[in-house]
Structure formats: structure tokens, C-alpha cells
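Peer 1: Contents of structure_23.pdb (PDB, N, CA and C atoms) are given next:
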ATOM      1  N   MET A 549      24.128  25.175  -2.475
ATOM      2  CA  MET A 549      24.251  24.046  -3.370
ATOM      3  C   MET A 549      23.542  22.817  -2.797
ATOM      4  N   ARG A 550      23.667  22.640  -1.491
ATOM      5  CA  ARG A 550      23.016  21.508  -0.834
ATOM      6  C   ARG A 550      21.499  21.629  -0.922
ATOM      7  N   GLY A 551      20.991  22.839  -0.837
ATOM      8  CA  GLY A 551      19.553  23.066  -0.953
ATOM      9  C   GLY A 551      19.026  22.701  -2.337
ATOM     10  N   ALA A 552      19.784  23.031  -3.368
ATOM     11  CA  ALA A 552      19.370  22.697  -4.732
ATOM     12  C   ALA A 552      19.353  21.183  -4.924
ATOM     13  N   LEU A 553      20.324  20.495  -4.361
ATOM     14  CA  LEU A 553      20.362  19.044  -4.449
ATOM     15  C   LEU A 553      19.160  18.426  -3.729
ATOM     16  N   LEU A 554      18.828  18.959  -2.571
ATOM     17  CA  LEU A 554      17.690  18.453  -1.806
ATOM     18  C   LEU A 554      16.380  18.689  -2.568
ATOM     19  N   ILE A 555      16.207  19.850  -3.131
ATOM     20  CA  ILE A 555      14.995  20.152  -3.893
ATOM     21  C   ILE A 555      14.908  19.263  -5.131
ATOM     22  N   GLY A 556      16.027  19.087  -5.818
ATOM     23  CA  GLY A 556      16.052  18.219  -6.987
ATOM     24  C   GLY A 556      15.694  16.787  -6.635
ATOM     25  N   THR A 557      16.205  16.304  -5.507
ATOM     26  CA  THR A 557      15.901  14.942  -5.059
ATOM     27  C   THR A 557      14.422  14.789  -4.739
ATOM     28  N   VAL A 558      13.837  15.761  -4.090
ATOM     29  CA  VAL A 558      12.420  15.705  -3.749
ATOM     30  C   VAL A 558      11.564  15.700  -5.017
ATOM     31  N   VAL A 559      11.915  16.502  -5.995
ATOM     32  CA  VAL A 559      11.155  16.557  -7.249
ATOM     33  C   VAL A 559      11.241  15.219  -7.976
ATOM     34  N   VAL A 560      12.436  14.646  -8.036
ATOM     35  CA  VAL A 560      12.605  13.356  -8.700
ATOM     36  C   VAL A 560      11.808  12.278  -7.985
ATOM     37  N   LEU A 561      11.817  12.256  -6.664
ATOM     38  CA  LEU A 561      11.050  11.264  -5.907
ATOM     39  C   LEU A 561       9.551  11.436  -6.112
ATOM     40  N   LEU A 562       9.083  12.670  -6.215
ATOM     41  CA  LEU A 562       7.667  12.904  -6.490
ATOM     42  C   LEU A 562       7.280  12.384  -7.868
ATOM     43  N   ILE A 563       8.120  12.615  -8.850
ATOM     44  CA  ILE A 563       7.838  12.130 -10.196
ATOM     45  C   ILE A 563       7.810  10.608 -10.222
ATOM     46  N   ILE A 564       8.775   9.981  -9.567
ATOM     47  CA  ILE A 564       8.806   8.515  -9.511
ATOM     48  C   ILE A 564       7.563   7.984  -8.806
ATOM     49  N   GLY A 565       7.157   8.608  -7.722
ATOM     50  CA  GLY A 565       5.950   8.195  -7.009
ATOM     51  C   GLY A 565       4.706   8.301  -7.865
ATOM     52  N   LEU A 566       4.579   9.390  -8.614
ATOM     53  CA  LEU A 566       3.427   9.549  -9.502
ATOM     54  C   LEU A 566       3.413   8.492 -10.598
ATOM     55  N   LEU A 567       4.581   8.182 -11.168
ATOM     56  CA  LEU A 567       4.646   7.156 -12.199
ATOM     57  C   LEU A 567       4.281   5.777 -11.654
ATOM     58  N   ILE A 568       4.722   5.490 -10.447
ATOM     59  CA  ILE A 568       4.385   4.204  -9.824
ATOM     60  C   ILE A 568       2.884   4.122  -9.566
ATOM     61  N   MET A 569       2.295   5.189  -9.047
ATOM     62  CA  MET A 569       0.855   5.179  -8.789
ATOM     63  C   MET A 569       0.062   5.042 -10.086
ATOM     64  N   LYS A 570       0.520   5.688 -11.146
ATOM     65  CA  LYS A 570      -0.175   5.585 -12.423
ATOM     66  C   LYS A 570      -0.089   4.170 -12.964
ATOM     67  N   ASN A 571       1.060   3.530 -12.820
ATOM     68  CA  ASN A 571       1.238   2.157 -13.283
ATOM     69  C   ASN A 571       0.410   1.171 -12.468
ATOM     70  N   MET A 572       0.195   1.450 -11.196
ATOM     71  CA  MET A 572      -0.589   0.568 -10.331
ATOM     72  C   MET A 572      -2.086   0.759 -10.540
ATOM     73  N   GLY A 573      -2.492   1.739 -11.302
ATOM     74  CA  GLY A 573      -3.898   1.952 -11.597
ATOM     75  C   GLY A 573      -4.611   2.810 -10.577
ATOM     76  N   ILE A 574      -3.894   3.614  -9.831
ATOM     77  CA  ILE A 574      -4.501   4.461  -8.803
ATOM     78  C   ILE A 574      -5.382   5.533  -9.435
ATOM     79  N   ASP A 575      -4.999   6.048 -10.602
ATOM     80  CA  ASP A 575      -5.757   7.131 -11.215
ATOM     81  C   ASP A 575      -6.976   6.644 -11.997
ATOM     82  N   ASN A 576      -7.257   5.355 -11.957
ATOM     83  CA  ASN A 576      -8.426   4.804 -12.637
ATOM     84  C   ASN A 576      -9.679   5.245 -11.890
ATOM     85  N   SER A 577     -10.625   5.838 -12.594
ATOM     86  CA  SER A 577     -11.805   6.394 -11.934
ATOM     87  C   SER A 577     -12.885   5.350 -11.661
ATOM     88  N   ALA A 578     -12.711   4.124 -12.110
ATOM     89  CA  ALA A 578     -13.703   3.075 -11.880
ATOM     90  C   ALA A 578     -13.702   2.662 -10.410
ATOM     91  N   ASP A 579     -14.790   2.019  -9.992
ATOM     92  CA  ASP A 579     -14.879   1.580  -8.600
ATOM     93  C   ASP A 579     -13.882   0.462  -8.291
ATOM     94  N   ASP A 580     -13.610  -0.390  -9.271
ATOM     95  CA  ASP A 580     -12.697  -1.512  -9.076
ATOM     96  C   ASP A 580     -11.481  -1.325  -9.977
ATOM     97  N   PRO A 581     -10.450  -0.650  -9.471
ATOM     98  CA  PRO A 581      -9.288  -0.410 -10.324
ATOM     99  C   PRO A 581      -8.548  -1.709 -10.630
ATOM    100  N   GLU A 582      -8.238  -1.887 -11.896
ATOM    101  CA  GLU A 582      -7.552  -3.107 -12.317
ATOM    102  C   GLU A 582      -6.071  -2.784 -12.523
ATOM    103  N   THR A 583      -5.232  -3.456 -11.779
ATOM    104  CA  THR A 583      -3.809  -3.208 -11.898
ATOM    105  C   THR A 583      -3.223  -4.072 -12.997
ATOM    106  N   GLN A 584      -2.041  -3.730 -13.393
ATOM    107  CA  GLN A 584      -1.368  -4.482 -14.444
ATOM    108  C   GLN A 584      -1.093  -5.907 -13.981
ATOM    109  N   THR A 585      -0.845  -6.091 -12.697
ATOM    110  CA  THR A 585      -0.603  -7.428 -12.162
ATOM    111  C   THR A 585      -1.829  -8.310 -12.333
ATOM    112  N   GLU A 586      -3.015  -7.757 -12.088
ATOM    113  CA  GLU A 586      -4.249  -8.535 -12.248
ATOM    114  C   GLU A 586      -4.448  -8.940 -13.708
ATOM    115  N   VAL A 587      -4.081  -8.068 -14.626
ATOM    116  CA  VAL A 587      -4.195  -8.384 -16.053
ATOM    117  C   VAL A 587      -3.265  -9.540 -16.394
ATOM    118  N   TYR A 588      -2.023  -9.488 -15.883
ATOM    119  CA  TYR A 588      -1.074 -10.567 -16.140
ATOM    120  C   TYR A 588      -1.558 -11.880 -15.537
ATOM    121  N   ILE A 589      -2.144 -11.832 -14.356
ATOM    122  CA  ILE A 589      -2.641 -13.047 -13.705
ATOM    123  C   ILE A 589      -3.784 -13.646 -14.523
ATOM    124  N   ASP A 590      -4.695 -12.807 -15.003
ATOM    125  CA  ASP A 590      -5.805 -13.312 -15.824
ATOM    126  C   ASP A 590      -5.302 -13.932 -17.117
ATOM    127  N   GLU A 591      -4.319 -13.286 -17.748
ATOM    128  CA  GLU A 591      -3.763 -13.844 -18.981
ATOM    129  C   GLU A 591      -3.078 -15.181 -18.714
ATOM    130  N   ALA A 592      -2.357 -15.274 -17.606
ATOM    131  CA  ALA A 592      -1.680 -16.525 -17.263
ATOM    132  C   ALA A 592      -2.695 -17.635 -16.988
ATOM    133  N   ARG A 593      -3.794 -17.297 -16.324
ATOM    134  CA  ARG A 593      -4.834 -18.297 -16.069
ATOM    135  C   ARG A 593      -5.454 -18.789 -17.377
ATOM    136  N   ASN A 594      -5.710 -17.874 -18.296
ATOM    137  CA  ASN A 594      -6.277 -18.261 -19.585
ATOM    138  C   ASN A 594      -5.331 -19.172 -20.356
ATOM    139  N   ILE A 595      -4.054 -18.843 -20.336
ATOM    140  CA  ILE A 595      -3.070 -19.678 -21.026
ATOM    141  C   ILE A 595      -2.983 -21.046 -20.364
ATOM    142  N   ALA A 596      -3.011 -21.080 -19.027
ATOM    143  CA  ALA A 596      -2.951 -22.357 -18.314
ATOM    144  C   ALA A 596      -4.176 -23.217 -18.637
ATOM    145  N   ASN A 597      -5.338 -22.610 -18.741
ATOM    146  CA  ASN A 597      -6.542 -23.362 -19.100
ATOM    147  C   ASN A 597      -6.445 -23.916 -20.518
ATOM    148  N   ASP A 598      -5.907 -23.120 -21.443
ATOM    149  CA  ASP A 598      -5.729 -23.594 -22.817
ATOM    150  C   ASP A 598      -4.770 -24.782 -22.873
ATOM    151  N   VAL A 599      -3.686 -24.685 -22.125
ATOM    152  CA  VAL A 599      -2.716 -25.782 -22.091
ATOM    153  C   VAL A 599      -3.346 -27.028 -21.484
ATOM    154  N   ASP A 600      -4.126 -26.857 -20.434
ATOM    155  CA  ASP A 600      -4.794 -27.991 -19.800
ATOM    156  C   ASP A 600      -5.761 -28.665 -20.770
ATOM    157  N   ASN A 601      -6.508 -27.871 -21.513
ATOM    158  CA  ASN A 601      -7.431 -28.431 -22.503
ATOM    159  C   ASN A 601      -6.685 -29.197 -23.590
ATOM    160  N   ARG A 602      -5.579 -28.666 -24.042
ATOM    161  CA  ARG A 602      -4.796 -29.348 -25.075
ATOM    162  C   ARG A 602      -4.209 -30.655 -24.547
ATOM    163  N   LEU A 603      -3.762 -30.655 -23.288
ATOM    164  CA  LEU A 603      -3.233 -31.887 -22.702
ATOM    165  C   LEU A 603      -4.323 -32.944 -22.572
ATOM    166  N   GLU A 604      -5.521 -32.527 -22.205
ATOM    167  CA  GLU A 604      -6.630 -33.478 -22.115
ATOM    168  C   GLU A 604      -6.940 -34.080 -23.483
ATOM    169  N   ASP A 605      -6.899 -33.255 -24.527
ATOM    170  CA  ASP A 605      -7.129 -33.760 -25.885
ATOM    171  C   ASP A 605      -6.050 -34.764 -26.278
ATOM    172  N   LEU A 606      -4.813 -34.464 -25.935
ATOM    173  CA  LEU A 606      -3.731 -35.396 -26.254
ATOM    174  C   LEU A 606      -3.881 -36.712 -25.502
ATOM    175  N   LYS A 607      -4.316 -36.638 -24.243
ATOM    176  CA  LYS A 607      -4.538 -37.868 -23.470
ATOM    177  C   LYS A 607      -5.639 -38.711 -24.100
ATOM    178  N   LYS A 608      -6.707 -38.061 -24.541
ATOM    179  CA  LYS A 608      -7.798 -38.788 -25.188
ATOM    180  C   LYS A 608      -7.325 -39.454 -26.477
ATOM    181  N   ARG A 609      -6.553 -38.725 -27.274
ATOM    182  CA  ARG A 609      -6.059 -39.272 -28.526
ATOM    183  C   ARG A 609      -5.100 -40.438 -28.289
ATOM    184  N   SER A 610      -4.254 -40.308 -27.267
ATOM    185  CA  SER A 610      -3.299 -41.383 -27.002
ATOM    186  C   SER A 610      -4.004 -42.623 -26.466
ATOM    187  N   SER A 611      -5.086 -42.434 -25.716
ATOM    188  CA  SER A 611      -5.828 -43.601 -25.225
ATOM    189  C   SER A 611      -6.601 -44.270 -26.366
ATOM    190  N   GLU A 612      -6.990 -43.508 -27.366
ATOM    191  CA  GLU A 612      -7.672 -44.089 -28.531
ATOM    192  C   GLU A 612      -6.721 -44.932 -29.361
ATOM    193  N   ILE A 613      -5.467 -44.562 -29.391
ATOM    194  CA  ILE A 613      -4.473 -45.296 -30.163
ATOM    195  C   ILE A 613      -4.218 -46.668 -29.531
ATOM    196  N   ASP A 614      -4.219 -46.727 -28.211
ATOM    197  CA  ASP A 614      -3.973 -47.989 -27.503
ATOM    198  C   ASP A 614      -5.115 -48.882 -27.662
TER     199      ASP A 614
END
Let me see the structure of the file written as C-alpha cells.

Peer 2:
Amino acid sequence: MRGALLIGTVVVLLIIGLLIMKNMGIDNSADDPETQTEVYIDEARNIANDVDNRLEDLKKRSSEID
């Protein structure tokens, strides 16, 4: 019974490891694998730039009012 539990645990750990590697972009055949974290960082940078541009526009408009 202990052997079956050990084998089951090893199989589950292998499956979890494969899923983690797939999520990290290890199986990507390109030279520069892009991970999900890099995608999130790029999206956050784009959003931050958009917000910065909108704030600059608001500053310009508020200075025109004065």
C-alpha cells in the first residue's frame, strides 16, 4: 500500500511539474521564450504610459483654464 502511495505521489508531482513548465513557456520553440509574467509586465507598462499621457493632457487643460 505504501508503494502505491509513493508511486501516486511521484506521478502527481511529475504532472504538476509539467504544467508549471508549460505555463512558464519552457515548451516554446522560439529562441526567446516569452513567459506569462513578461506579457503582464508589458501590458502594465502600456497601461501606465496611457495613464501618464492622460494625466499630461489634464495638466495642460487645467493650466489653460487658469

Peer 1: Which distance in Å separates atom CA of A:Glu586 and atom C of A:Val559, to one decimal?

Peer 2: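 So the answer is 28.7 Å.
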
Peer 1: Can you work out the spacing between atom CA of A:Met569 and atom CA of A:Tyr588 in Å, to one decimal?

Peer 2: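 Going from atom CA of A:Met569 over to atom CA of A:Tyr588, I get 17.5 Å.
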
Peer 1: Could you work out how far atom N of A:Ile564 lies from atom C of A:Ala552, giving the answer in Å with one decimal?

Peer 2: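 Between atom C of A:Ala552 and atom N of A:Ile564 the gap works out to 16.1 Å.
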
Peer 1: DSSP on the backbone: what in chain A comes out helix (DSSP H, G or I), as a ChimeraX atom specification?

Peer 2: /A:550-572,584-613
